[in-house]
Each structure stands twice: as C-alpha cells, then as structure tokens.
Amino acid sequence: MILGIETSCDETAAAVVTDEGQVLASVVSSQAGLHARYGGVVPEIASRRHLELVAPVIREALERAEASLDAVDRVAVTQGPGLVGALLVGLSAAKAIAWAKRLPLVPVDHLEGHVASLYLEPEPEPFEPPFLCLLASGGHTLLLAVRSHGGSERLGTTLDDAAGEAFDKGARLLGLGYPGGAEIDRLARDGDPEAFRFPVARVPGLDFSFSGLKTALLYAVRDLGEPVTARRKADLAASYEHAIVRALVERTRDAAKQSGLDRLAVVGGVAANSALREALPDARFVSPDLCTDNAAMIASAARFTEALPYPRYLGLDAYASVA
Ligand code: KG4
Ligand code: ZN
C-alpha cells in the first residue's frame with residue numbers, strides 16, 4: 001500500500017492507495033473557508049494550518065482504509081510545484097514517517113499527480129496512455145502529450161493567468177465566494193451564456209491567455225453598475241464561464257489535430273466544471289473530488305515514479321515552480 005500526502009496549496013490531504021491503483025481512503029481537508037476573507041490563499045496561514053492538520057488527516061486516512069502504518073510499504077508526497085512553506089509541511093511529515101518505518105519515499109510532481117488521477121481504479125476503468133491531456137487548475141493550464149505513465153511532453157501552456165485563476169478572479173469581480181470556480185459553475189446554470197460576449201485572446205501556437213478576459217469582465221461590471229450587475233449576475237457568470245470553456249476547448253481540439261492524439265482527458269480543479277464536461281463529451285474526466293487537489297492522485301503517480309530508498313530522501317527539498 002502507498003500512503004500519499006499532498007499539501008501544495010490550501011488542501012491538506014492524505015490517501016491510501018494499493019499498488020493496483022485502488023483508492024482505499026482519500027481524505028481532503030480544505031482550508032478554503034480560512035482564506036475566503038482574503039479572496040485568495042495566504043501562504044503563511046496555509047503553512048500553519050497544514051502543520052495542525054497533517055497528522056490528523058494522515059491518521060484519518062489510515063483509519064478509513066482500516067490500515068496501520070505497518071501495512072504501508074512506501075510514502076508518496078508532493079515535492080512541488082506549489083507554496084514552498086506549505087509543501088515543506090507535507091514533505092517533512094512524509095520524511096518523518098518513512099524514516100521512522102525505514103520505508104522508501106517517492107517524491108511526486110503535483111502536475112504528474114493530476115495526470116495520474118486518470119490511472120486510479122474506481123473510475124469505470126483506468127485510462128491509459130497515449131492520450132492528449134488538458135490540465136487546468138488554479139495554478140496551471142497545460143496541454144500535455146502523455147505517451148507513457150512516466151511523463152509527458154508539454155504542447156502548450158498559459159502565457160499569463162491559469163484557467164482556474166480566471167474563474168477565481170472573475171468570481172471575485174462578481175462578489176462571489178472563494179474559491180470561485182465552483183461558485184461560477186453553480187450560478188452559471190441559471191444564466192444565459194450568450195448574454196454577454198467576452199473576448200478571449202487567441203495567441204499563436206497552442207498556448208492560452210486569460211488575463212484579458214478578467215479585464216473585460218471588470219469593464220462590463222463597471223459599465224453595468226451595481227444594481228444591474230447584481231440582477232444579471234447569473235448571465236455574467238454564464239457568459240464568462242462560456243468564454244473560458246470555449247478557449248480551453250478550441251485549443252484542445254487544435255492540439256489533438258496537431259499531435260495526432262485522438263484520445264482526450266481533462267484533469268485538475270477546472271475539470272470539475274460542468275460546462276467544460278458538457279463541451280467535451282468525448283473526453284475522459286475523473287470524478288470531481290479527484291479533479292481538485294487530493295492525495296490519491298499523488299499516491300497514484302508514485303506507482304510510476306522511482307522511489308528513493310531509506311534514508312536517501314532526508315535531504316530532499318521542495319520546489320516552488322515548474323522546472
Ligand atoms: O487542482 P486544484 O484543486 O488546485 C491547483 O492545483 O491549483 O484547482 C483549483 C482550481 C481553483 O481555481 C478553482 O476555482 C477551480 O480549480 N475549480 C473550478 C471548479 N471547481 C474548482 N473551476 C470551475 N468550475 C468548477 N466546478
Ligand atoms: Zn492541483
């Protein structure tokens with residue numbers, strides 16, 4: 001069994017996954033409520049909260065899996081990218097457990113973790129390479145050619161904001177809660193996606209750009225004024241969501257054509273979005289709780305990543321950004 005630990009942002013998560021990719025337990029403690037009043041994640045607050053939560057969350061995952069630490073044969077942990085202080089809490093916990101039990105440790109890249117959510121078992125059946133993967137989260141928007149379990153080739157990325165970030169910033173402009181993606185998703189169901197036209201910049205190649213979109217929403221909200229904005233909030237949310245989804249779908253279709261990869265998967269927090277799921281009916285999506293940050297995907301990635309034997313991992317450091 002693999003014990004997975006994830007603390008890269010504002011979710012403290014632990015999971016127990018078998019070598020075959022079966023999720024025995026996946027516990028996610030979200031700090032979203034703690035950061036909501038600031039409209040985004042405050043790194044120092046996140047680190048401190050991880051410190052309080054990491055041990056109980058790991059204990060809870062083991063309990064739910066009805067497993068003791070003795071049944072665990074390796075520990076997987078997110079090494080980066082993410083908030084360094086937050087990552088260090090999970091990494092230190094993982095090192096301590098692995099060291100105490102003389103176990104190997106598997107450092108996992110968070111983005112490879114998102115991709116590996118596709119290889120978990122409770123889905124209809126695990127999705128296997130080769131495929132084209134759209135990874136859309138709060139920090140990243142990537143098009144990846146995944147040709148083996150071990151890694152992927154980057155075909156495109158965002159030049160500015162990530163898709164999830166665009167959702168979060170748009171939600172903030174509309175006075176919705178944080179994190180905003182799920183809020184816009186919910187509100188947009190009652191709105192008309194054609195009510196407003198928000199332009200999305202088309203940049204060359206297979207890259208994305210979302211920063212102009214939030215400016216367009218800002219101007220729309222300013223022009224409409226407060227009472228009208230409040231009355232038409234659902235239409236604004238639906239139209240804004242529609243613009244993000246359209247940009248993601250168009251580029252993904254371009255990438256499929258160019259790469260010759262005809263099987264398609266979408267992972268990351270934004271993959272939980274219902275409009276995106278509807279717009280890509282031929283793509284594989286994992287269940288929404290495996291789209292947003294979790295530790296089951298980290299343990300899943302560890303199945304295909306080289307483990308560091310005891311005690312070679314003790315000097316391991318976290319990394320903040322994509323290498
Ligand atoms: O993968 P994730 O949990 O964390 C990162 O690695 O960033 O993604 C979080 C992002 C946030 O920006 C959040 O607003 C967005 O995913 N998100 C959504 C939905 N649920 C979460 N965006 C659109 N629709 C949703 N239903
Ligand atoms: Zn993530």
# chains A, B, ... in the order shown; residues from 1 in each chain; ligands from 1

call {"tool": "residues_near_ligand", "arguments": {"ligand": "ligand 1", "cutoff": "6 Å", "atoms": "only C-alpha atoms and all ligand atoms", "output": "ChimeraX atom specification"}}
result
/A:137-139,164-165,167-168,179-182,185,268-270,272-273,292-293

call {"tool": "write_last_selection", "arguments": {"atoms": "C-alpha atoms", "output": "mmCIF file, in the first residue's frame"}}
result
data_model
loop_
_atom_site.group_PDB
_atom_site.id
_atom_site.type_symbol
_atom_site.label_atom_id
_atom_site.label_comp_id
_atom_site.auth_asym_id
_atom_site.auth_seq_id
_atom_site.Cartn_x
_atom_site.Cartn_y
_atom_site.Cartn_z
ATOM 1 C CA SER A 137 -6.077 24.098 -12.289
ATOM 2 C CA GLY A 138 -5.691 27.192 -10.152
ATOM 3 C CA GLY A 139 -2.006 27.437 -10.919
ATOM 4 C CA GLY A 164 -8.778 28.314 -12.526
ATOM 5 C CA GLU A 165 -7.258 31.660 -11.656
ATOM 6 C CA PHE A 167 -12.504 31.622 -12.622
ATOM 7 C CA ASP A 168 -11.367 32.795 -9.187
ATOM 8 C CA PRO A 179 -12.599 29.632 -4.460
ATOM 9 C CA GLY A 180 -14.675 30.976 -7.298
ATOM 10 C CA GLY A 181 -14.715 28.195 -9.867
ATOM 11 C CA ALA A 182 -17.357 26.104 -8.170
ATOM 12 C CA ASP A 185 -20.259 26.851 -12.091
ATOM 13 C CA GLY A 268 -7.166 19.491 -12.474
ATOM 14 C CA GLY A 269 -9.659 21.524 -10.479
ATOM 15 C CA VAL A 270 -11.263 23.134 -13.531
ATOM 16 C CA ALA A 272 -14.825 19.651 -12.204
ATOM 17 C CA ASN A 273 -16.616 22.361 -14.202
ATOM 18 C CA THR A 292 -9.418 19.128 -7.266
ATOM 19 C CA ASP A 293 -6.313 18.615 -5.158
#

call {"tool": "closest_atom_pairs", "arguments": {"of": "chain A", "to": "ligand 2", "cutoff": "10 Å", "atoms": "only C-alpha atoms and all ligand atoms", "output": "Markdown table"}}
result
| residue | atom | partner | partner_atom_place_in_ligand_line | distance |
| --- | --- | --- | --- | --- |
| A:Glu6 | CA | ligand 2 | 1 (Zn) | 9.5 |
| A:Thr7 | CA | ligand 2 | 1 (Zn) | 9.9 |
| A:Ser8 | CA | ligand 2 | 1 (Zn) | 7.8 |
| A:Cys9 | CA | ligand 2 | 1 (Zn) | 7.8 |
| A:Asp10 | CA | ligand 2 | 1 (Zn) | 9.8 |
| A:Glu11 | CA | ligand 2 | 1 (Zn) | 9.4 |
| A:Pro81 | CA | ligand 2 | 1 (Zn) | 9.2 |
| A:Gly82 | CA | ligand 2 | 1 (Zn) | 8.6 |
| A:His110 | CA | ligand 2 | 1 (Zn) | 6.4 |
| A:Leu111 | CA | ligand 2 | 1 (Zn) | 6.8 |
| A:Glu112 | CA | ligand 2 | 1 (Zn) | 9.7 |
| A:Gly113 | CA | ligand 2 | 1 (Zn) | 8.2 |
| A:His114 | CA | ligand 2 | 1 (Zn) | 6.5 |
| A:Leu135 | CA | ligand 2 | 1 (Zn) | 9.1 |
| A:Ala136 | CA | ligand 2 | 1 (Zn) | 8.4 |
| A:Ser137 | CA | ligand 2 | 1 (Zn) | 5.7 |
| A:Gly138 | CA | ligand 2 | 1 (Zn) | 6.9 |
| A:Gly139 | CA | ligand 2 | 1 (Zn) | 7.2 |
| A:His140 | CA | ligand 2 | 1 (Zn) | 8.1 |
| A:Gly164 | CA | ligand 2 | 1 (Zn) | 10.0 |
| A:Val267 | CA | ligand 2 | 1 (Zn) | 9.0 |
| A:Gly268 | CA | ligand 2 | 1 (Zn) | 5.7 |
| A:Gly269 | CA | ligand 2 | 1 (Zn) | 6.4 |
| A:Val270 | CA | ligand 2 | 1 (Zn) | 9.5 |
| A:Leu290 | CA | ligand 2 | 1 (Zn) | 9.9 |
| A:Cys291 | CA | ligand 2 | 1 (Zn) | 8.0 |
| A:Thr292 | CA | ligand 2 | 1 (Zn) | 6.1 |
| A:Asp293 | CA | ligand 2 | 1 (Zn) | 4.7 |
| A:Asn294 | CA | ligand 2 | 1 (Zn) | 7.9 |
| A:Met297 | CA | ligand 2 | 1 (Zn) | 9.8 |

call {"tool": "residues_around", "arguments": {"residues": "Ser239 of chain A", "least_positions_apart": "4", "cutoff": "10 Å", "atoms": "only C-alpha atoms", "output": "list in words"}}
result
Ala188, Gly191, Asp192, Pro193, Glu194, Ala195, Phe196, Arg197, Phe198, Leu217, Lys233, Ala234, Asp235, Ala243, Ile244 and Val245 of chain A

call {"tool": "select_by_dssp", "arguments": {"residues": "segment 48-215 of chain A", "states": "helix (DSSP H, G or I)", "output": "ChimeraX atom specification"}}
result
/A:48-64,69-71,84-100,110-119,163-173,180-188,211-215

call {"tool": "residues_around", "arguments": {"residues": "Val57 of chain A", "least_positions_apart": "2", "cutoff": "8 Å", "atoms": "only C-alpha atoms", "output": "NGL selection string"}}
result
:A and (12-14 or 27-29 or 53-55 or 59-61)

call {"tool": "write_last_selection", "arguments": {"atoms": "all heavy atoms", "output": "short mmCIF file (atom, residue, chain, number, x, y, z; two decimals), in the first residue's frame"}}
result
data_model
loop_
_atom_site.label_atom_id
_atom_site.label_comp_id
_atom_site.auth_asym_id
_atom_site.auth_seq_id
_atom_site.Cartn_x
_atom_site.Cartn_y
_atom_site.Cartn_z
N THR A 12 -5.16 20.11 2.80
CA THR A 12 -4.32 19.14 3.49
C THR A 12 -4.92 17.78 3.16
O THR A 12 -6.08 17.53 3.49
CB THR A 12 -4.34 19.35 5.01
OG1 THR A 12 -4.23 20.74 5.29
CG2 THR A 12 -3.18 18.61 5.68
N ALA A 13 -4.15 16.92 2.49
CA ALA A 13 -4.75 15.67 2.01
C ALA A 13 -3.84 14.48 2.25
O ALA A 13 -2.61 14.59 2.17
CB ALA A 13 -5.08 15.78 0.53
N ALA A 14 -4.47 13.34 2.57
CA ALA A 14 -3.74 12.08 2.70
C ALA A 14 -4.62 10.98 2.11
O ALA A 14 -5.85 11.09 2.13
CB ALA A 14 -3.44 11.78 4.16
N VAL A 27 -8.64 11.42 2.09
CA VAL A 27 -9.15 12.46 2.99
C VAL A 27 -8.60 13.81 2.54
O VAL A 27 -7.40 13.95 2.33
CB VAL A 27 -8.71 12.18 4.45
CG1 VAL A 27 -9.18 13.29 5.38
CG2 VAL A 27 -9.23 10.82 4.91
N VAL A 28 -9.50 14.77 2.35
CA VAL A 28 -9.09 16.12 1.95
C VAL A 28 -9.68 17.11 2.93
O VAL A 28 -10.90 17.17 3.09
CB VAL A 28 -9.58 16.46 0.52
CG1 VAL A 28 -9.15 17.88 0.14
CG2 VAL A 28 -9.06 15.45 -0.49
N SER A 29 -8.82 17.85 3.61
CA SER A 29 -9.31 18.90 4.49
C SER A 29 -9.02 20.24 3.82
O SER A 29 -7.87 20.63 3.69
CB SER A 29 -8.63 18.80 5.85
OG SER A 29 -9.04 19.89 6.64
N LEU A 53 -3.03 20.26 10.70
CA LEU A 53 -3.93 19.25 10.14
C LEU A 53 -3.23 17.99 9.64
O LEU A 53 -3.85 16.94 9.51
CB LEU A 53 -4.72 19.85 8.96
CG LEU A 53 -5.83 20.83 9.33
CD1 LEU A 53 -6.39 21.48 8.07
CD2 LEU A 53 -6.95 20.11 10.08
N VAL A 54 -1.95 18.10 9.31
CA VAL A 54 -1.34 17.00 8.56
C VAL A 54 -1.38 15.67 9.30
O VAL A 54 -1.78 14.65 8.73
CB VAL A 54 0.08 17.37 8.04
CG1 VAL A 54 1.11 17.42 9.15
CG2 VAL A 54 0.51 16.42 6.94
N ALA A 55 -1.04 15.67 10.60
CA ALA A 55 -1.05 14.41 11.34
C ALA A 55 -2.47 13.84 11.47
O ALA A 55 -2.70 12.67 11.15
CB ALA A 55 -0.37 14.58 12.70
N ARG A 59 -3.79 10.28 9.91
CA ARG A 59 -4.38 9.27 10.81
C ARG A 59 -5.75 8.87 10.32
O ARG A 59 -6.11 7.70 10.27
CB ARG A 59 -4.45 9.86 12.23
CG ARG A 59 -4.46 8.79 13.31
CD ARG A 59 -4.31 9.42 14.70
NE ARG A 59 -3.02 10.04 14.92
CZ ARG A 59 -2.83 11.28 15.39
NH1 ARG A 59 -3.86 12.05 15.66
NH2 ARG A 59 -1.62 11.75 15.57
N GLU A 60 -6.54 9.87 9.91
CA GLU A 60 -7.90 9.62 9.43
C GLU A 60 -7.89 8.75 8.16
O GLU A 60 -8.70 7.84 8.00
CB GLU A 60 -8.58 10.97 9.15
CG GLU A 60 -9.88 10.88 8.39
CD GLU A 60 -11.09 11.05 9.28
OE1 GLU A 60 -10.95 11.63 10.37
OE2 GLU A 60 -12.17 10.58 8.87
N ALA A 61 -6.95 9.02 7.26
CA ALA A 61 -6.86 8.23 6.03
C ALA A 61 -6.54 6.77 6.36
O ALA A 61 -7.15 5.85 5.81
CB ALA A 61 -5.81 8.81 5.10
#

call {"tool": "closest_residue", "arguments": {"among": "A:Leu218, A:Ala171, A:Val286, A:Ala93", "to": "Pro56 of chain A", "atoms": "only C-alpha atoms"}}
result
A:Ala93

call {"tool": "select_by_dssp", "arguments": {"residues": "segment 55-213 of chain A", "states": "strand (DSSP E or B)", "output": "VMD selection string"}}
result
chain A and resid 74 to 80 105 to 109 131 to 136 141 to 148 151 to 158 208
